[in-house]
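A.B. asks: Submitted below is the structure of interest, expressed as C-alpha cells.
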Amino acid sequence: MGTSAVILTNKDKYSPEQLLADTIVAAFHSDSALYFYNNKTYTNEGEFLYTTLNINNKSFTGDNESSLIFHIHSISSPSTEFYYHEDLGLDTSESLCQVGHIEDIYGNQELILNFIHEYLKLNPDDYFWIADNDWVYSLEDIQKLKSLPYDPDWCYQNPRD
C-alpha cells in the first residue's frame, strides 16, 4: 500500500453524513466523478464502522484515468483517532480526528489537489494531511498551490518552505 492521506476535522463537529454530503459537493465542483455504492461496513456488534467511495478524474471510461479510494469512518471508529498535533505543528488544544481517508496518493496528485481544494473551501477550518509528511495543508496553502502552475510534486513539498 502506498502513502495515505486524511482530512483532519474538529472531533466535536464531525458527522459522517456531513462528510459524505461535502464529498459529493467537492467532487461536483472539482469536476470529478464520484461512485458510491452505499456499501457499509459494521462491527461484529452491528455498529457502523465506515463506508467507501471512489473519486475519479472525470469517469471510469478512460484507460489513463486516476482514481482514489476514499473511506468515511464513524466517529467511534479507532481509525479516526489523531495524536500527532505536536509533530505537525498543530495546537494541542484542538480536538482533531482523522476522517476522509485516502488509501494511496501516488498517481492521483492532481485529482487530490482539485478535490481537496473544493472540500476545504466548504470546510475552511479543516486540514489535509499526507501521512508521510510532517506538515498539514490548510485552505490557504491549497489556494496558494492552485494559483501557481501545476506541480505534480506539490504533495511532497512543505507549502511553507
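Chain lettering (A, B, ...) mirrors the order of the C-alpha cells, residue numbering begins at 1 for each chain separately, and ligand numbering begins at 1 in order of display.
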Would you list the contacts of range 130-147 of chain A as a ChimeraX atom specification, taking every protein, DNA or RNA residue within 7 Å and counting only C-alpha atoms, but skipping same-chain residues closer than 4 positions in sequence?

C.D. replies: /A:3-6,87-88,117,120-121,124,126,158-159

A.B. asks: Would you write out those residues with C-alpha atoms, as a PDB file, in the first residue's frame?

C.D. replies:
```
ATOM      1  CA  THR A   3       1.169   6.741   1.026  1.00  0.00           C
ATOM      2  CA  SER A   4      -2.215   7.533   2.531  1.00  0.00           C
ATOM      3  CA  ALA A   5      -3.784  10.873   3.352  1.00  0.00           C
ATOM      4  CA  VAL A   6      -6.595  12.137   5.566  1.00  0.00           C
ATOM      5  CA  ASP A  87       4.605  16.557  15.239  1.00  0.00           C
ATOM      6  CA  LEU A  88       2.657  18.619  12.695  1.00  0.00           C
ATOM      7  CA  HIS A 117      -9.329  22.457  -2.764  1.00  0.00           C
ATOM      8  CA  LEU A 120     -11.511  22.867   2.095  1.00  0.00           C
ATOM      9  CA  LYS A 121     -13.497  25.715   0.566  1.00  0.00           C
ATOM     10  CA  PRO A 124     -12.028  26.116   5.876  1.00  0.00           C
ATOM     11  CA  ASP A 126     -10.152  21.529   8.372  1.00  0.00           C
ATOM     12  CA  ASN A 158       6.117  21.766   2.513  1.00  0.00           C
ATOM     13  CA  PRO A 159       3.963  24.700   1.367  1.00  0.00           C
TER      14      PRO A 159
END
```

A.B. asks: Using only C-alpha atoms, which residues sit within 10 Å of Leu20 in chain A once same-chain residues fewer than 3 positions away are excluded, as a PyMOL selection string?

C.D. replies: chain A and resi 15-17+23-26+36+51-53+71-72+100

A.B. asks: Which residue out of A:Ser67, A:Asn44, A:Asn10, A:Asn38 has the minimum interatomic distance to Glu110 in chain A when only C-alpha atoms are used?

C.D. replies: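 Going through A:Ser67, A:Asn44, A:Asn10, A:Asn38 one by one, the smallest distance to Glu110 in chain A is for A:Ser67.
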
A.B. asks: For a test of reading the model, state the distance in Å between CA of Ile105 in chain A and CA of Asp125 in chain A, rounded to one decimal.

C.D. replies: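 Calculated distance between CA of Ile105 in chain A and CA of Asp125 in chain A is 22.2 Å.
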
A.B. asks: Could you list, as a short mmCIF file (atom, residue, chain, number, x, y, z; two decimals) with N, CA, C and O atoms, in the first residue's frame, every residue within 6 Å of Ser74 in chain A, counting only C-alpha atoms and ignoring same-chain residues fewer than 2 positions away?

C.D. replies:
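Below you can see selection-v6.cif, which holds the result:
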```cif
data_model
loop_
_atom_site.label_atom_id
_atom_site.label_comp_id
_atom_site.auth_asym_id
_atom_site.auth_seq_id
_atom_site.Cartn_x
_atom_site.Cartn_y
_atom_site.Cartn_z
N PRO A 16 -20.28 11.78 9.90
CA PRO A 16 -20.04 11.05 8.65
C PRO A 16 -21.00 11.46 7.54
O PRO A 16 -20.62 11.55 6.37
N LEU A 49 -19.16 1.23 10.95
CA LEU A 49 -17.72 1.47 11.06
C LEU A 49 -17.24 2.43 9.96
O LEU A 49 -16.63 3.44 10.26
N TYR A 50 -17.53 2.11 8.69
CA TYR A 50 -17.14 3.00 7.59
C TYR A 50 -17.87 2.63 6.31
O TYR A 50 -18.45 1.56 6.20
N SER A 76 -16.88 6.83 16.10
CA SER A 76 -16.38 5.88 17.10
C SER A 76 -15.32 4.92 16.55
O SER A 76 -14.77 4.12 17.29
N SER A 77 -15.02 5.02 15.28
CA SER A 77 -14.01 4.15 14.68
C SER A 77 -12.62 4.48 15.23
O SER A 77 -12.25 5.65 15.33
#
```

A.B. asks: Enumerate the residues of range 37-113 of chain A with a DSSP assignment of helix (DSSP H, G or I), computed from the backbone, and present them as a list in words.

C.D. replies: Pro78, Ser79, Thr80, Glu86, Asp87, Leu88, Gln109, Glu110, Leu111, Ile112 and Leu113 of chain A

A.B. asks: Using N, CA and C atoms, can you write the selected residues to a file as a PDB file, in the first residue's frame?

C.D. replies:
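As a result, out_34.pdb now contains:
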```pdb
ATOM      1  N   PRO A  78     -11.840   3.462  15.567  1.00  0.00           N
ATOM      2  CA  PRO A  78     -10.465   3.717  16.023  1.00  0.00           C
ATOM      3  C   PRO A  78      -9.623   4.428  14.960  1.00  0.00           C
ATOM      4  N   SER A  79     -10.009   4.318  13.701  1.00  0.00           N
ATOM      5  CA  SER A  79      -9.265   4.955  12.608  1.00  0.00           C
ATOM      6  C   SER A  79      -9.345   6.478  12.633  1.00  0.00           C
ATOM      7  N   THR A  80     -10.274   7.027  13.401  1.00  0.00           N
ATOM      8  CA  THR A  80     -10.404   8.489  13.444  1.00  0.00           C
ATOM      9  C   THR A  80      -9.496   9.125  14.489  1.00  0.00           C
ATOM     10  N   GLU A  86       1.556  17.852  17.881  1.00  0.00           N
ATOM     11  CA  GLU A  86       2.876  18.465  18.051  1.00  0.00           C
ATOM     12  C   GLU A  86       3.795  18.157  16.873  1.00  0.00           C
ATOM     13  N   ASP A  87       3.756  16.941  16.372  1.00  0.00           N
ATOM     14  CA  ASP A  87       4.605  16.557  15.239  1.00  0.00           C
ATOM     15  C   ASP A  87       4.312  17.411  14.004  1.00  0.00           C
ATOM     16  N   LEU A  88       3.077  17.865  13.879  1.00  0.00           N
ATOM     17  CA  LEU A  88       2.657  18.619  12.695  1.00  0.00           C
ATOM     18  C   LEU A  88       2.528  20.115  12.963  1.00  0.00           C
ATOM     19  N   GLN A 109      -2.177  12.863  -7.675  1.00  0.00           N
ATOM     20  CA  GLN A 109      -1.863  14.153  -7.097  1.00  0.00           C
ATOM     21  C   GLN A 109      -2.754  15.283  -7.627  1.00  0.00           C
ATOM     22  N   GLU A 110      -2.981  15.332  -8.927  1.00  0.00           N
ATOM     23  CA  GLU A 110      -3.799  16.418  -9.488  1.00  0.00           C
ATOM     24  C   GLU A 110      -5.264  16.260  -9.086  1.00  0.00           C
ATOM     25  N   LEU A 111      -5.765  15.045  -9.137  1.00  0.00           N
ATOM     26  CA  LEU A 111      -7.126  14.766  -8.706  1.00  0.00           C
ATOM     27  C   LEU A 111      -7.312  15.178  -7.248  1.00  0.00           C
ATOM     28  N   ILE A 112      -6.361  14.814  -6.388  1.00  0.00           N
ATOM     29  CA  ILE A 112      -6.451  15.153  -4.965  1.00  0.00           C
ATOM     30  C   ILE A 112      -6.387  16.657  -4.764  1.00  0.00           C
ATOM     31  N   LEU A 113      -5.476  17.333  -5.449  1.00  0.00           N
ATOM     32  CA  LEU A 113      -5.364  18.790  -5.304  1.00  0.00           C
ATOM     33  C   LEU A 113      -6.681  19.469  -5.658  1.00  0.00           C
TER      34      LEU A 113
END
```
